[in-house]
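Asker: Below you will find the structure I want to go over with you.
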There are 2 protein chains.
Amino acid sequence: MPARKSPDTASRIPSGKAATINDIARLAGVSKKTVSRIINNSPLVRKDTREKVEALMREVGYTPDPLARGLAFRRSFLIGMVYDNPTAQYIVDMQYGALDALRDSGFELVVHPCDSRTPNYIDGVRRFVQQQKLHGVMLVPRASEDQKLADMLAELGCRYSRIVPVGFEDNDGRMIVTHDREGAVEAADYLLTLGHRDIALITGPLTYRSAIERTNGFLDTLAQRGVEVPKARIIEASYTFESGVAAAEKLFAARQRPTAIFCGNDEMAAGVYKVALRAGISIPRDLSVVGYDDSPLASRLWPSLTSVRRHTRDTGRIAAGTLIRTDTAPLAVASVRPHLIVRDSCQPPP
Amino acid sequence: MPARKSPDTASRIPSGKAATINDIARLAGVSKKTVSRIINNSPLVRKDTREKVEALMREVGYTPDPLARGLAFRRSFLIGMVYDNPTAQYIVDMQYGALDALRDSGFELVVHPCDSRTPNYIDGVRRFVQQQKLHGVMLVPRASEDQKLADMLAELGCRYSRIVPVGFEDNDGRMIVTHDREGAVEAADYLLTLGHRDIALITGPLTYRSAIERTNGFLDTLAQRGVEVPKARIIEASYTFESGVAAAEKLFAARQRPTAIFCGNDEMAAGVYKVALRAGISIPRDLSVVGYDDSPLASRLWPSLTSVRRHTRDTGRIAAGTLIRTDTAPLAVASVRPHLIVRDSCQPPP
DNA sequence: CTGAAAGCGCTTACAG
DNA sequence: CTGAAAGCGCTTACAG
């Protein structure tokens, strides 16, 4: 179904089907190769030729067929998003960001969730990339931390971008560095400033660099101000609500309860809320809580949760944008910095 | 990069690039048309020919190029998912379901969020569908309720499936009916059985059929048991947390407070929780609350929220599956039925 | 049941 | 700066 065409040119295009490069070439009185050059922004076209042809393309509503272009290029106009993060809001925000970058670019976003715990998930991604001849792939945490996955893409010659904490080296793909440490540092500063000294920490799985960064950033900041956190108050959990519940139960069973808890994400903070509410521990009067993610949950909980915002949508926009741009140096490193959103879940210790 | 090939046949395929239909035809000693027939499951192939060729395809790891097939078919191997629902978990579940159906089918999922409140969003979807030559489109609530959107797809000849409440007619697309009424009926039955009579209702926007279905299902069930809900206790909100807060404030300001509230979704129920907790109203002792969606929020809240589950992933699987299948009658109507998940947010009235 | 020819709508060499 | 020829990897008529 061709887009609206003015009657005069419309009559010269086979009705009922969209215009092709041949129609444009014929109507403009140039070769299809010239039209092709214009489509691909080649500088080897005279300005007035370009303008004449572009006007015609607009008039007949011509857009080149990505299938035909892909076949000739041996590469599709699809960007793959590969992820194994279970947090819905994070995924959706990342998708929105990617789509922001892809809008009106002719590229589309193909989603590919996977489970990095299964042994051959990398083969699954490889098939996806090869079969669809993807133009590029964004690797989203936590899969983005898997060096084997990145290596496979490099070997395939597929361009990719990785969203990773500091500490990664990559000569093949573009990196977007999330600086998780800084968010944790801000959380620590905030709790210290409120006067807290009896502080506990519920971390994500320390097999992930992001969890390590958050943990170290938090503990280092406390240590710099002379606050040591006893081992019993550092609990490694799994980023799930249930693991947050279990961790909180352990912390509250101790002789002396902490006056503040920093959680590696909001899900686990919600677990702390549940245990505290059930036990009659008032937040923030008896206990201050800080989360990480600034998920919708943070404002839905009561009292609303102070949490570290990650700018996920911006991250997605950069990660996708870098895959379709040709003008920038492909290997530069981009940075996204988190920051603390203060709400109602903290106050000075009792 | 071709998949693993045994040395004998590998040597007969140009190294460094994947096998094509020509390689398969040559190695199998048949014409490429025969290979094509096998790819497309044509019955016009002798059984032993088929088996021989299929074995060869497996051996060399051949998969047909979707770009080339798409160009020849004038239709891609992409399924579009069009949605304007803001709830992250719902979207992600729907995507997972769709991907369940598409796995190993050769089709991929391309996401297309849109904003049905902008005047020309339908043009955006049209461009998406036409330009990518989509094989099919799933319409997800609430965009799925827009008849103009469905009509546009029908006019384009693009196959589509719609996830809709009862009450829609569609001769062009497949419908997956969600039976929202039944979930609301279950919620009403449950509250009545607990002994509630002073019941309030916070609905979604009544411009949506789904919100109307839930509202009517709830009110009709109460009426059948002789319970009338005064107008002041029926508040139309907008499915957001904030609108739930505002609705709860209005309900609690009344002379007599209801003993139970049914909310059109969990977001608004979380708003009720916030207002109740802030006001010292104990859930479920003083107030019972029922939500709709069974989102992650439902179990994260404390006390955990009784809510209606929608089986979103199953819905997505059916909606996508119907677009790539050729064996079933395309216009049959599928049904997905909600049901109540009882948690800790309700008890008999004080 | 099988195949040779032409074509899908583009791009890549290659020439000028 | 511009173009004619060949090709990307498939499928659709058309023949047999």
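Within each chain, counting starts at residue 1; across the structure tokens, chains are named A, B, ... in the order shown, with ligands numbered 1 upward in that order.
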Write out as a tab-separated table a residue-level contact list of chain A versus chain C with cut-off 7 Å: for each qualifying residue the closest pair of atoms and the distance in Å to one decimal, counting only C-alpha atoms (C1' of nucleotides), rows sorted by chain and residue number upward.

Answerer:
```
residue	atom	partner	partner_atom	distance
A:Thr20	CA	C:DG9	C1'	6.7
A:Asp65	CA	C:DG9	C1'	6.7
A:Ala68	CA	C:DC10	C1'	4.7
A:Arg69	CA	C:DC10	C1'	4.8
A:Ala72	CA	C:DT11	C1'	5.1
A:Phe73	CA	C:DT11	C1'	6.5
```

Asker: Could you turn the residues from that selection into a file that holds C-alpha atoms, as a PDB file, in the first residue's frame?

Answerer:
```pdb
ATOM      1  CA  THR A  20      10.782   0.678  -5.731  1.00  0.00           C
ATOM      2  CA  ASP A  65      12.984  -2.189   1.372  1.00  0.00           C
ATOM      3  CA  ALA A  68      16.358  -6.154  -0.177  1.00  0.00           C
ATOM      4  CA  ARG A  69      18.969  -3.903   1.323  1.00  0.00           C
ATOM      5  CA  ALA A  72      22.537  -7.138  -0.713  1.00  0.00           C
ATOM      6  CA  PHE A  73      24.446  -5.880   2.339  1.00  0.00           C
TER       7      PHE A  73
END
```

Asker: I'd like the neighbourhood of Pro338 in chain B as a PyMOL selection string, where a residue qualifies if any of its atoms comes within 8 Å (using only C-alpha atoms (C1' of nucleotides)), though same-chain residues fewer than 2 positions away should be ignored.

Answerer: chain B and resi 178-180+182-183+308-311+336+340

Asker: Pull out every residue of chain B that has at least one atom within 6 Å of chain A, counting only C-alpha atoms, and report them as a list in words.

Answerer: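 Result, ordered by chain then number: Leu67, Ala68, Leu71, Ala88, Gln89, Val92, Leu109, Val110, Lys274 and Trp302 of chain B.
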
Asker: If I take CA of Ser161 in chain B and CA of Arg181 in chain B, how far is one from the other in Å, to one decimal?

Answerer: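 For CA of Ser161 in chain B relative to CA of Arg181 in chain B, the distance reads 20.7 Å.
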
Asker: Check the DSSP output for the backbone and give back, as number ranges by chain, the residues of range 3-132 of chain A in alpha helix (DSSP H).

Answerer: A: 7-10, 21-28, 32-39, 47-60, 66-73, 88-102, 121-132

Asker: Please run DSSP on the backbone and report, as a ChimeraX atom specification, all residues within range 122-311 of chain A that come out as strand (DSSP E or B).

Answerer: /A:136-139,160-164,174-177,199-203,234-236,260-263,288-293,306-309

Asker: Keeping only N, CA and C atoms, take the residues you just selected and write them out as a CSV table (one decimal), in the first residue's frame.

Answerer:
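Contents of again.csv, as written:
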```
chain,number,residue,atom,x,y,z
A,136,GLY,N,23.7,-5.3,14.7
A,136,GLY,CA,24.4,-5.1,16.0
A,136,GLY,C,23.6,-5.6,17.2
A,137,VAL,N,24.3,-5.8,18.3
A,137,VAL,CA,23.7,-6.4,19.5
A,137,VAL,C,24.0,-5.5,20.7
A,138,MET,N,23.0,-5.2,21.5
A,138,MET,CA,23.3,-4.6,22.8
A,138,MET,C,23.3,-5.7,23.9
A,139,LEU,N,24.3,-5.7,24.7
A,139,LEU,CA,24.4,-6.7,25.8
A,139,LEU,C,24.0,-5.9,27.1
A,160,TYR,N,28.9,-4.9,18.7
A,160,TYR,CA,28.0,-5.0,19.9
A,160,TYR,C,28.4,-3.8,20.8
A,161,SER,N,27.5,-3.6,21.8
A,161,SER,CA,27.8,-2.6,22.8
A,161,SER,C,27.4,-3.3,24.2
A,162,ARG,N,28.2,-3.0,25.2
A,162,ARG,CA,28.0,-3.7,26.5
A,162,ARG,C,27.8,-2.7,27.6
A,163,ILE,N,26.8,-2.9,28.4
A,163,ILE,CA,26.5,-2.1,29.5
A,163,ILE,C,27.2,-2.8,30.7
A,164,VAL,N,28.3,-2.2,31.2
A,164,VAL,CA,29.1,-2.9,32.3
A,164,VAL,C,29.5,-1.9,33.3
A,174,ARG,N,31.8,-1.6,21.9
A,174,ARG,CA,31.6,-0.3,22.6
A,174,ARG,C,31.1,-0.6,24.0
A,175,MET,N,31.7,0.2,25.0
A,175,MET,CA,31.2,0.0,26.4
A,175,MET,C,30.5,1.2,26.9
A,176,ILE,N,29.4,0.9,27.7
A,176,ILE,CA,28.7,1.9,28.4
A,176,ILE,C,28.9,1.6,29.9
A,177,VAL,N,29.6,2.4,30.5
A,177,VAL,CA,30.0,2.1,31.9
A,177,VAL,C,29.1,2.8,32.9
A,199,ILE,N,25.4,0.0,60.7
A,199,ILE,CA,24.8,-0.1,59.3
A,199,ILE,C,25.0,-1.5,58.8
A,200,ALA,N,24.0,-2.0,58.1
A,200,ALA,CA,24.1,-3.4,57.5
A,200,ALA,C,24.0,-3.2,56.0
A,201,LEU,N,24.3,-4.3,55.3
A,201,LEU,CA,24.4,-4.3,53.9
A,201,LEU,C,23.9,-5.6,53.3
A,202,ILE,N,22.9,-5.6,52.4
A,202,ILE,CA,22.4,-6.8,51.7
A,202,ILE,C,22.9,-6.6,50.3
A,203,THR,N,23.7,-7.5,49.8
A,203,THR,CA,24.3,-7.4,48.5
A,203,THR,C,23.7,-8.3,47.5
A,234,ILE,N,27.0,-8.1,56.8
A,234,ILE,CA,27.1,-8.1,55.3
A,234,ILE,C,26.5,-9.4,54.8
A,235,ILE,N,25.4,-9.3,54.2
A,235,ILE,CA,24.7,-10.6,53.8
A,235,ILE,C,24.6,-10.6,52.2
A,236,GLU,N,25.2,-11.7,51.7
A,236,GLU,CA,25.1,-11.8,50.2
A,236,GLU,C,23.8,-12.5,49.9
A,260,ALA,N,20.4,1.1,60.1
A,260,ALA,CA,20.2,1.4,58.7
A,260,ALA,C,20.6,0.2,57.9
A,261,ILE,N,20.0,0.0,56.7
A,261,ILE,CA,20.3,-1.1,55.8
A,261,ILE,C,20.4,-0.6,54.4
A,262,PHE,N,21.5,-0.9,53.7
A,262,PHE,CA,21.6,-0.5,52.3
A,262,PHE,C,21.4,-1.8,51.5
A,263,CYS,N,20.5,-1.8,50.6
A,263,CYS,CA,20.2,-3.0,49.8
A,263,CYS,C,20.7,-2.8,48.4
A,288,SER,N,16.3,2.8,59.0
A,288,SER,CA,16.4,3.5,57.7
A,288,SER,C,16.8,2.5,56.6
A,289,VAL,N,16.2,2.6,55.5
A,289,VAL,CA,16.5,1.7,54.4
A,289,VAL,C,16.8,2.5,53.1
A,290,VAL,N,17.8,2.0,52.4
A,290,VAL,CA,18.1,2.6,51.1
A,290,VAL,C,18.2,1.5,50.1
A,291,GLY,N,17.6,1.7,48.9
A,291,GLY,CA,17.6,0.7,47.9
A,291,GLY,C,18.5,1.1,46.7
A,292,TYR,N,18.4,0.3,45.6
A,292,TYR,CA,19.2,0.6,44.4
A,292,TYR,C,18.3,0.2,43.2
A,293,ASP,N,18.1,1.1,42.3
A,293,ASP,CA,17.4,0.8,41.0
A,293,ASP,C,16.4,2.0,40.8
A,306,THR,N,14.0,5.6,49.6
A,306,THR,CA,15.1,6.3,49.1
A,306,THR,C,16.0,5.3,48.3
A,307,SER,N,16.4,5.6,47.1
A,307,SER,CA,17.0,4.6,46.2
A,307,SER,C,17.9,5.3,45.2
A,308,VAL,N,18.8,4.5,44.6
A,308,VAL,CA,19.7,5.0,43.6
A,308,VAL,C,19.2,4.8,42.2
A,309,ARG,N,19.1,5.9,41.5
A,309,ARG,CA,18.5,5.9,40.2
A,309,ARG,C,19.6,5.6,39.1
```

Asker: Work out how far apart CA of Glu145 in chain A and CA of Tyr208 in chain A are and give it in Å to one decimal.

Answerer: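 It comes out at 7.5 Å.
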
Asker: Find the distance between CA of Val82 in chain B and CA of Arg209 in chain B and write it in Å to one decimal.

Answerer: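 We find that CA of Val82 in chain B and CA of Arg209 in chain B lie 18.2 Å from each other.
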
Asker: With a distance cut-off of 10 Å and only C-alpha atoms (C1' of nucleotides), select the neighbouring residues of range 224-226 of chain A, excluding the residue or stretch itself and same-chain residues fewer than 6 positions from it, and output the selection as an MDAnalysis selection string.

Answerer: chainID A and resid 189 192 197

Asker: Extract, using only C-alpha atoms (C1' of nucleotides), all DNA, RNA and protein residues at most 12 Å from Ala55 in chain A, discarding same-chain residues fewer than 5 positions from it, and format them as a ChimeraX atom specification.

Answerer: /A:9,24,27-28,35,38,48-50,60-62
